[in-house]
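Here the structure comes first, spelled out in structure tokens, and everything after it is commentary.
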Amino acid sequence: MKLERLLGITIELMTKKRVTAAELAARFEVSIRTIYRDLDLINEAGIPVVSFSGVVGGFELMDGYYLSKQHFSIDDLSVIFHLLKGMEEAVGNKITSIVHKLGSLQPALLNGGSPNPIIIDASASVLEKDAIKPLYEAIGLQRIVTFWYTDSAGNVSERSMEPARLYWDRGWWYVEGHCLLKQAQRCFKVSRINHLQVTEDQFHPKLEMASWMSEESVQAIEVHLRFQATNQPRIFEQFQGQCTHRGTHIDVHTLFFSPAYALSVILSFGPIVEIISPEDLRQQLLNQLEAIRANYENQRRP
């Protein structure tokens, strides 16, 4: 939802020195145009976002900017406060410090004032709790970690990693960093990590870490979709500002940053959507449908 995304972008800007539009677009699975509109709204809300061009360009909060009462109402601060409280159990000390700072900024938060109708649960699951705190400490100490990882297909592999950051998305924690086995940047779902060990070996952050999700490295896919004029609320919610209603159908021109994610979204709409372009994505969808059909045909055979 837009409110959650705006809050997420604001927190990204508060916790990072600089971030690119492409990184934010990939992070929140929206188009770069949407990110630009969101940043304009954040600016209009009184939070000064500065843009920088060039190879190391991106967006960051104006130097010297601090969170203050005049920019956030008690309800605004309540949303942020409850989000951080949900993360406190998982991450610990630093989050606790931020929670106390927000509490001193607006004491009503600590006193139970302004009951929050928005419930944001960012706490860790049972499977994640044993891994998050040591990962967080390893990032701060720049220590290599080792663990066994089970991927989505059930394959288990032993990994060594230079962890760079932890983030929470849609109910799950993830860790990003440089995988020494693959010699490339990788993202791991924390709940699939087992037997985690923080080693004594230190590492120096790779230069590529700051730019591996830069504008140039993310290849956006321009997609034209055509929907039957049914289930309109979900279409307009999924593709905000990208829909053209043409009476009998709805045309959507959007960007995806992963073919796999594009296909998962398209398949979720079932038969009411058609890929107009690009042709190779259309063919990938047909291949996937054929593989699904063949799988069911094989199951019927004695």
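All residue names refer to the structure tokens as shown: chains lettered A, B, ... in order, residues numbered from 1 in each chain, ligands numbered from 1 in order.
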Practice task
Give me the residues within 9 Å of Met14 (chain A) as a count of residues only, counting only C-alpha atoms and dropping any in the same chain fewer than 5 places off.
Solution key: 3
Practice task
Would you kindly return, as a list in words, each protein, DNA or RNA residue with an atom no farther than 6 Å from any atom of region 223-238 of chain A, considering only C-alpha atoms and excluding same-chain residues fewer than 4 positions away?
Solution key: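 Result of the neighbour search: Thr248, His249, Ile250, Asp251, Val252, His253, Thr254, Leu255, Ile272, Val273, Glu274, Ile275, Ile276 and Ser277 of chain A.
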Could those selected residues go to a file with C-alpha atoms, as a tab-separated table (two decimals), in the first residue's frame?
chain	number	residue	atom	x	y	z
A	248	THR	CA	-13.98	-3.11	-22.82
A	249	HIS	CA	-10.48	-3.52	-21.42
A	250	ILE	CA	-7.77	-1.86	-19.32
A	251	ASP	CA	-4.27	-1.25	-20.71
A	252	VAL	CA	-1.33	-1.20	-18.30
A	253	HIS	CA	2.17	-0.02	-19.19
A	254	THR	CA	4.56	-0.84	-16.37
A	255	LEU	CA	8.12	-1.88	-15.49
A	272	ILE	CA	-8.27	-11.93	-17.41
A	273	VAL	CA	-4.83	-10.64	-18.49
A	274	GLU	CA	-2.86	-10.87	-21.74
A	275	ILE	CA	0.77	-9.89	-22.35
A	276	ILE	CA	0.85	-7.59	-25.39
A	277	SER	CA	4.60	-6.99	-25.19
Handout entry: For Leu135 (chain A), the nearest of the candidates A:Glu176, A:Glu158, A:Glu29, A:Glu12, counting only C-alpha atoms
Key = A:Glu176
Handout entry: Given only C-alpha atoms as the counted atoms, nearest of A:Arg246, A:Arg165, A:Lys189, A:Arg159 to Ala138 (chain A)
Key = A:Arg165
Practice task
Just give me the gap between CA of Ile221 (chain A) and CA of Gly8 (chain A) in Å, one decimal is fine.
Solution key: 23.7 Å
Handout entry: CA of Ser264 (chain A) to CA of Glu279 (chain A), straight-line distance in Å
Key =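 Separating CA of Glu279 (chain A) from CA of Ser264 (chain A) is a distance of 16.8 Å.
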Handout entry: Nearest to Leu141 (chain A) by atom-to-atom distance, counting only C-alpha atoms, from A:Ala260, A:Ala21, A:Val198, A:Val30
Key = A:Val198
Practice task
Choose the residue, out of A:Leu263, A:Tyr296, A:Asn194, A:Phe269, that has the smallest atom-to-atom separation from Arg282 (chain A); count only C-alpha atoms.
Solution key: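 Going through A:Leu263, A:Tyr296, A:Asn194, A:Phe269 one by one, the smallest distance to Arg282 (chain A) is for A:Leu263.
Going from CA of Ala26 (chain A) to CA of Phe256 (chain A) covers 8.4 Å.
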Practice task
Once DSSP has gone over the backbone, tell me which residues of region 237-292 of chain A are in alpha helix (DSSP H), as a list of chain:residue names.
Solution key: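 Selecting the alpha helix (DSSP H) positions of region 237-292 of chain A gives A:Glu237, A:Gln238, A:Pro259, A:Ala260, A:Tyr261, A:Ala262, A:Leu263, A:Ser264, A:Val265, A:Ile266, A:Leu267, A:Ser268, A:Glu279, A:Asp280, A:Leu281, A:Arg282, A:Gln283, A:Gln284, A:Leu285, A:Leu286, A:Asn287, A:Gln288, A:Leu289, A:Glu290, A:Ala291, A:Ile292.
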Practice task
Find the residues around region 32-43 of chain A up to 7 Å (only C-alpha atoms counted), leave out those fewer than 6 positions away in its own chain, and share them as a list in words.
Solution key: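 Residues near the query, excluding close chain neighbours: Leu6, Ala21, Ala22, Leu24, Ala25 and Val49 of chain A.
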Handout entry: Top pick for closest residue to Ile292 (chain A), considering A:Leu267, A:Glu200, A:Pro163, A:Thr244 and counting only C-alpha atoms
Key =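 Comparing A:Leu267, A:Glu200, A:Pro163, A:Thr244 against Ile292 (chain A), the winner is A:Leu267.
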Practice task
For Phe52 (chain A), list every protein, DNA or RNA residue within 12 Å, evaluated using only C-alpha atoms, and leave out those in the same chain fewer than 5 positions away; present the list as a PyMOL selection string.
Solution key: chain A and resi 17-21+57-62
Problem - Nearest-residue call for Arg192 (chain A), choices A:Gly247, A:Glu137, A:Glu128, A:Arg143, using only C-alpha atoms - result: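 So, comparing all the options, the nearest one is A:Glu128.
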